[in-house]
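Shown next, in structure tokens, is the structure this report addresses.
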Amino acid sequence: MSFRNRLAAAFLAMAVVVLIGVAGYHLIEGWALFDALYMTVITLATVGYGETHPLSSSGRMFTIFLIMGGIGILTYAFSVITAFLVEGELKEVLLKKRMEKKIAALSQHYIVCGGGRTGRYIIDELRKTGRDFVVVDQDDARVTELGEDGCLAIAGDASDDETLRRAGIEKAKGLVACLPSDKDNVFVVISAKGLNPGLRVVSKSVDKGVRDKLLRSGADAVVSPNFIGGLRMASELVRPAVVSFLDNMLRGDGNLRIEEVVVGPSAAGKTLESSVLKNGFDLALLAVRPAGKEQYIYNPKPQTPLSPKDVLVVMGPAEEVQKLQQSL
């Protein structure tokens, strides 16, 4: 039995003993309910006060059994309550409440469904790039470990609507489904898109054949670790220098990243030179993707015009990327 269930059982046992005492004195002695309650409390508390009213032989016999049974139950109940306080269960409850309050205050954050091996890499990258996120996992021990590591995490089924609401899905910017089972990831995608149709959802796919199902379920992108791993091994074999360069940019231990920045309304009608280059950001501008198009303008010229929702692909320190995002 969990600590919380033991605590609930202890309070229930205390309430039952008090009710039995009140009912016994009321039925046997004919006392008023308040007098019966007062007698029950002073009997169980062993404070040594005198009898509320003179007791009959039946009343005294009932009192003997009430003391013998009630004191044992109260002792057990108080020991459970003391353990609850001393062993930190109360602290855990308060920490959980504080975490839920922090999650409720988030907006435009990311939700990571699954804190296992794949999820850990996602969590590390989100932390390194300074993005807010919440982890959802069914493993209580893993959730506790993530909380101790400074992450916002909740325990629950990621495919359950209520769990996703607790993670703030209505205000989230994106969600990644990286559970071990493709079936579970499909349910997560369906639930997430149902609660927030505008959410960007990226899903893991173990079986290559599930990719189309995940896309039909609402996933914006599907990543197969086996497929990506195979490409990576081939690239390591034939173009190791390129792979090493991309590693440093995308997932290196340093602070250098290739990132995308969305152009805001304030830059409308301006050029790269007048809105980005003149501010002297320590960034390399690699490409521009015009809004609503799939084609990229590589190595764009300073005179390239900008429009709202254009995407800039830049390379540089994470801090410089954040400054650029704020300026646009």
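Within each chain, counting starts at residue 1; across the structure tokens, chains are named A, B, ... in the order shown, with ligands numbered 1 upward in that order.
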
Against stretch 88-109 of chain A, which residues of stretch 164-282 of chain A fall within 8 Å? For each one I want the closest pair of atoms and the distance in Å (one decimal), counting only C-alpha atoms, rows by chain and increasing residue number, as a Markdown table.
```
| residue | atom | partner | partner_atom | distance |
| --- | --- | --- | --- | --- |
| A:Arg166 | CA | A:Glu100 | CA | 7.5 |
| A:Ala167 | CA | A:Ile103 | CA | 6.5 |
| A:Gly168 | CA | A:Ala104 | CA | 6.3 |
| A:Lys171 | CA | A:Ser107 | CA | 5.1 |
| A:Ala172 | CA | A:Gln108 | CA | 4.6 |
| A:Lys173 | CA | A:Gln108 | CA | 4.4 |
| A:Gly174 | CA | A:His109 | CA | 6.8 |
```

Nearest candidate to A:Trp31 (options A:Val112, A:Val206, A:Leu55, A:Val18; using only C-alpha atoms):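 The closest residue to A:Trp31 is A:Leu55.
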
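With only C-alpha atoms as the atoms that count, the residue of A:Ile81, A:Met233, A:Val288, A:Leu283 with the shortest distance to A:Leu324 is A:Leu283.
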
Shell of 7 Å around stretch 175-181 of chain A, only C-alpha atoms, local chain residues under 6 positions omitted, as a list in words: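 Final neighbour list, sorted by chain and number: Tyr110, Ile111, Val112, Cys113, Gly114, Thr118, Gly119, Val188, Arg200, Val201, Val202, Ser203 and Lys204 of chain A.
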
Residues of the last selection are to be written out with C-alpha atoms, as a PDB file, in the first residue's frame.
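Contents of the output file result_22.pdb:
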```pdb
ATOM      1  CA  TYR A 110       7.130  22.407 -25.593  1.00  0.00           C
ATOM      2  CA  ILE A 111       5.794  19.100 -24.273  1.00  0.00           C
ATOM      3  CA  VAL A 112       7.995  16.009 -24.332  1.00  0.00           C
ATOM      4  CA  CYS A 113       5.931  12.819 -24.065  1.00  0.00           C
ATOM      5  CA  GLY A 114       8.332  10.175 -22.802  1.00  0.00           C
ATOM      6  CA  THR A 118      15.162   9.229 -26.803  1.00  0.00           C
ATOM      7  CA  GLY A 119      13.394  11.781 -24.638  1.00  0.00           C
ATOM      8  CA  VAL A 188      -0.660  10.858 -28.304  1.00  0.00           C
ATOM      9  CA  ARG A 200       3.333  21.438 -34.105  1.00  0.00           C
ATOM     10  CA  VAL A 201       3.665  17.729 -33.372  1.00  0.00           C
ATOM     11  CA  VAL A 202       6.741  15.617 -34.075  1.00  0.00           C
ATOM     12  CA  SER A 203       6.499  11.877 -33.484  1.00  0.00           C
ATOM     13  CA  LYS A 204       8.960   9.041 -33.182  1.00  0.00           C
TER      14      LYS A 204
END
```

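For A:Val311, the list of residues within 6 Å, based on only C-alpha atoms and with local chain neighbours fewer than 6 positions off taken out, reads Val261, Val262, Val288 and Arg289 of chain A.
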
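Looking only at stretch 23-180 of chain A, the set that DSSP places in strand (DSSP E or B) from backbone geometry is Tyr110, Ile111, Val112, Cys113, Phe133, Val134, Val135, Val136, Asp137, Leu152, Ala153, Ile154, Ala155, Gly174, Leu175, Val176 and Ala177 of chain A.
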
Output for the residues just chosen: C-alpha atoms as a PDB file, in the first residue's frame:
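Resulting contents of out07.pdb:
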```pdb
ATOM      1  CA  TYR A 110       7.130  22.407 -25.593  1.00  0.00           C
ATOM      2  CA  ILE A 111       5.794  19.100 -24.273  1.00  0.00           C
ATOM      3  CA  VAL A 112       7.995  16.009 -24.332  1.00  0.00           C
ATOM      4  CA  CYS A 113       5.931  12.819 -24.065  1.00  0.00           C
ATOM      5  CA  PHE A 133       9.289  22.522 -21.719  1.00  0.00           C
ATOM      6  CA  VAL A 134       7.290  19.987 -19.709  1.00  0.00           C
ATOM      7  CA  VAL A 135       7.987  16.255 -19.637  1.00  0.00           C
ATOM      8  CA  VAL A 136       5.120  13.735 -19.366  1.00  0.00           C
ATOM      9  CA  ASP A 137       5.989  10.189 -18.311  1.00  0.00           C
ATOM     10  CA  LEU A 152       9.158  20.476 -15.052  1.00  0.00           C
ATOM     11  CA  ALA A 153       7.661  16.983 -15.224  1.00  0.00           C
ATOM     12  CA  ILE A 154       4.332  15.332 -14.465  1.00  0.00           C
ATOM     13  CA  ALA A 155       3.381  11.679 -14.091  1.00  0.00           C
ATOM     14  CA  GLY A 174       4.969  22.113 -29.890  1.00  0.00           C
ATOM     15  CA  LEU A 175       4.886  18.504 -28.739  1.00  0.00           C
ATOM     16  CA  VAL A 176       7.140  15.528 -29.366  1.00  0.00           C
ATOM     17  CA  ALA A 177       5.837  11.974 -28.958  1.00  0.00           C
TER      18      ALA A 177
END
```
